[in-house]
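Student: I have a structure I would like to understand better, so I am pasting it below and will then ask my questions one at a time.
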Amino acid sequence: MVEIRLTNTRTRTKQAFQPLDPQNVRLYLCGPTVYDRAHLGNARPVLVFDVLVRLLRHVYGADHVTYVRNFTDVDDKINARAAATGRDIREITEETVAWYHDDMDALGADRPDHEPRATEYIVQMIAMIETLITRGHAYEAEGHVLFDVRSFPEYGRLSGRSVDDMIAGARVEVAPFKRDPMDFVLWKPSEADQPGWDSPWGRGRPGWHIECSAMSAALLGPSFDIHGGGIDLQFPHHENEVAQSCCAHPGAGFANVWLHNEMLQVEGKKMSKSLGNFFTVRDLLDRRIAGEVIRYVLLSTHYRKPMDWTQGKADEARDILWQWRLLTKDVEPAAAPHPEVIEALANDLNTPGAIAVLHRLKDDPALLLASARFIGLLQAGGDDWMRADYQALDSQSAFKDFDQILAALQDRLADIRAQAMASKDFSRLDRAKADLTGAGLEVRMSKAGIELLVRPTTVQRDVARIAEDLLA
RNA sequence: GGCGGGUUGGCGGAGAGGUUACGCAGCGGAUUGCAAAUCCGUGAAGACCGGUUCGAUUCCGGUACCCGCCUCCA
């Protein structure tokens, strides 16, 4: 059996992965709060986990892995969005969930086994909060229920902070009813116009952190194998989850391995609305950057390193995938991926290493295809982005589609070439060729004949214009 | 202030205490009427200072610079 090594934030070391139950390897990833399109950074943990799950299914069997990723569909940001737009909360969350699915599907990420919504687990959250109160880890104050961090000596362990240090830093919300400034909200009261549920503490709604503790326990049990998310969630979100879950289920251990991915930057800077470099996955797809190109770029940096999204990387990824697509066209994938791909992934999800292996498989397209598909690249039917979309460009033309233009051009060029060969005057042929290559077309002239190939940089409108001149 | 990440050849980006990462770009050659395609070949690195070692880009310590978290942003 392949030994998988993962860097566990909890222990700060890379260690061999030992499932609690090899018959059912269980993972939880913190999903999105559904009030808007997912931005590019949101995609990173999704892809990291997608690759991890593929690897685990390969090693332990497809039916022996349970992957849970939640939707947070009760949150003050959602309320704010509803208030700002006058729309119904449910309508917003449903729409955003559908967007999220569309966008992550486009990146080739498989859907998790369970995608629980917070609003469907309110009962479990209330029960968990009651348990925490009973066990002396939480208290009610002015309609709120707060977690008492001083009741959990381990608090701060995961993120490597001590409560006292954090208070010294003193950037915590001040609330007069808190026993300790670090205490965080498990339940808070709702106004009449805010979403709320009846509870022992009045009508209210859950705090953010309790959602993940309740949903993971409901679907995976009080202890499971791997919990992940962006490094920015390590504190406070994951720290608070640990506190809640460990105190509600003493001795259970909660998540065995914690996996945190580093952050994503854009052109060397943090992605932010104020810098104007903020964009969503959908923005990129709309700019005709293919989902698998985005996936390639995100997987080409190891998950524990800061990742920089640049246009240059997207261009390079596009060219490589284009080449691989041509290479594997009409090829049946090999039965299994190259062992070195598995080996690279087993070594703390070394996706750049796995991609390097792919580069060495150009002489074996079937193996390249099987290996690329293992990490979600070159998926069947994922080559839409390579196809010419001439109809969208010009409905006036005599040509029905771009392939027809290419065929006509090819014949015409062959004529011009034959004349040039006879007269030894290549000027006209060279001009035509220069025009076409200028429009991004690849012109191959060999003894066998002339071949015109579309490249990622082909400007169809320009080619069409040249064709009209040449064929007139 | 506290906690954490990064610094590798022109660019991107890994592994490994001593033997080629890999890709892109470049350069040389083959091929071609020509070539932007293809094929063959090829130069180029490890922020800085010190330590451990026979030997460090790889381990340890320090310095510098960049970045993130500590504000329910992955």
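Here's how to read the names in the structure tokens: chain A, B, ... by the order shown, residue numbers from 1 in each chain, ligand numbers from 1 in the order shown.
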Tell me the residues of chain A close to chain B, meaning within 6 Å using only C-alpha atoms (C1' of nucleotides), as a list in words.
Tutor: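 The selection requested is Gly41, Asn42, Asp165, Trp208, Gly230, Asp232, Gly353 and Ala356 of chain A.
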Student: Save the residues we just selected, all heavy atoms, as a tab-separated table (two decimals), in the first residue's frame?
Tutor:
chain	number	residue	atom	x	y	z
A	41	GLY	N	-9.20	32.71	-4.77
A	41	GLY	CA	-8.61	32.13	-3.56
A	41	GLY	C	-9.47	31.03	-2.97
A	41	GLY	O	-8.96	30.08	-2.39
A	42	ASN	N	-10.77	31.15	-3.12
A	42	ASN	CA	-11.67	30.12	-2.61
A	42	ASN	C	-11.45	28.78	-3.30
A	42	ASN	O	-11.76	27.72	-2.76
A	42	ASN	CB	-13.13	30.53	-2.82
A	42	ASN	CG	-13.54	31.70	-1.94
A	42	ASN	OD1	-13.24	31.72	-0.76
A	42	ASN	ND2	-14.19	32.68	-2.51
A	165	ASP	N	-1.19	35.89	25.30
A	165	ASP	CA	-0.52	36.64	24.24
A	165	ASP	C	-1.52	37.37	23.36
A	165	ASP	O	-1.33	38.50	22.96
A	165	ASP	CB	0.31	35.70	23.35
A	165	ASP	CG	1.57	35.25	24.07
A	165	ASP	OD1	1.88	35.84	25.11
A	165	ASP	OD2	2.21	34.31	23.59
A	208	TRP	N	-20.66	31.35	13.79
A	208	TRP	CA	-20.09	30.68	12.62
A	208	TRP	C	-19.41	29.36	12.99
A	208	TRP	O	-19.60	28.32	12.35
A	208	TRP	CB	-19.08	31.62	11.96
A	208	TRP	CG	-18.35	31.04	10.79
A	208	TRP	CD1	-18.85	30.20	9.82
A	208	TRP	CD2	-16.97	31.27	10.44
A	208	TRP	NE1	-17.88	29.90	8.90
A	208	TRP	CE2	-16.72	30.54	9.25
A	208	TRP	CE3	-15.94	32.02	11.00
A	208	TRP	CZ2	-15.47	30.55	8.64
A	208	TRP	CZ3	-14.71	32.03	10.38
A	208	TRP	CH2	-14.48	31.30	9.22
A	230	GLY	N	-8.11	27.10	4.38
A	230	GLY	CA	-7.03	28.06	4.18
A	230	GLY	C	-6.35	28.37	5.51
A	230	GLY	O	-6.97	28.26	6.58
A	232	ASP	N	-5.68	31.03	6.76
A	232	ASP	CA	-6.31	32.16	7.46
A	232	ASP	C	-7.43	31.69	8.38
A	232	ASP	O	-7.87	32.43	9.26
A	232	ASP	CB	-6.83	33.21	6.47
A	232	ASP	CG	-7.82	32.61	5.50
A	232	ASP	OD1	-7.75	31.41	5.24
A	232	ASP	OD2	-8.67	33.37	5.00
A	353	GLY	N	5.32	18.40	-8.47
A	353	GLY	CA	6.12	17.23	-8.81
A	353	GLY	C	5.36	16.30	-9.73
A	353	GLY	O	5.92	15.74	-10.68
A	356	ALA	N	5.43	17.66	-13.15
A	356	ALA	CA	6.75	17.44	-13.77
A	356	ALA	C	6.81	16.04	-14.37
A	356	ALA	O	7.40	15.85	-15.44
A	356	ALA	CB	7.85	17.63	-12.73
Student: If we count only C-alpha atoms (C1' of nucleotides), what is near range 337-346 of chain A at a cut-off of 12 Å, once residues fewer than 5 positions away on the same chain are taken out, given as number ranges by chain?
Tutor: A: 1-7, 14-17, 48-59, 299, 302-303, 351-361, 364-376; B: 14-15
Student: Go through A:Thr93, A:Ser190, A:Ser223, A:Thr33 and flag the residue nearest Asp21 in chain A, using only C-alpha atoms for the distances.
Tutor: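 Using only C-alpha atoms, Asp21 in chain A sits closest to A:Ser223.
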Student: So how many Å separate CA of Val257 in chain A and CA of Ser213 in chain A, to one decimal?
Tutor: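 These atoms are spaced 15.3 Å apart.
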Student: Identify, on the basis of only C-alpha atoms (C1' of nucleotides), every residue whose closest approach to Arg288 in chain A does not exceed 8 Å; exclude the query and any residue fewer than 3 positions from it along the same chain; express the result as a list in words.
Tutor: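 The residues satisfying every condition are Leu284, Leu285 and Trp385 of chain A.
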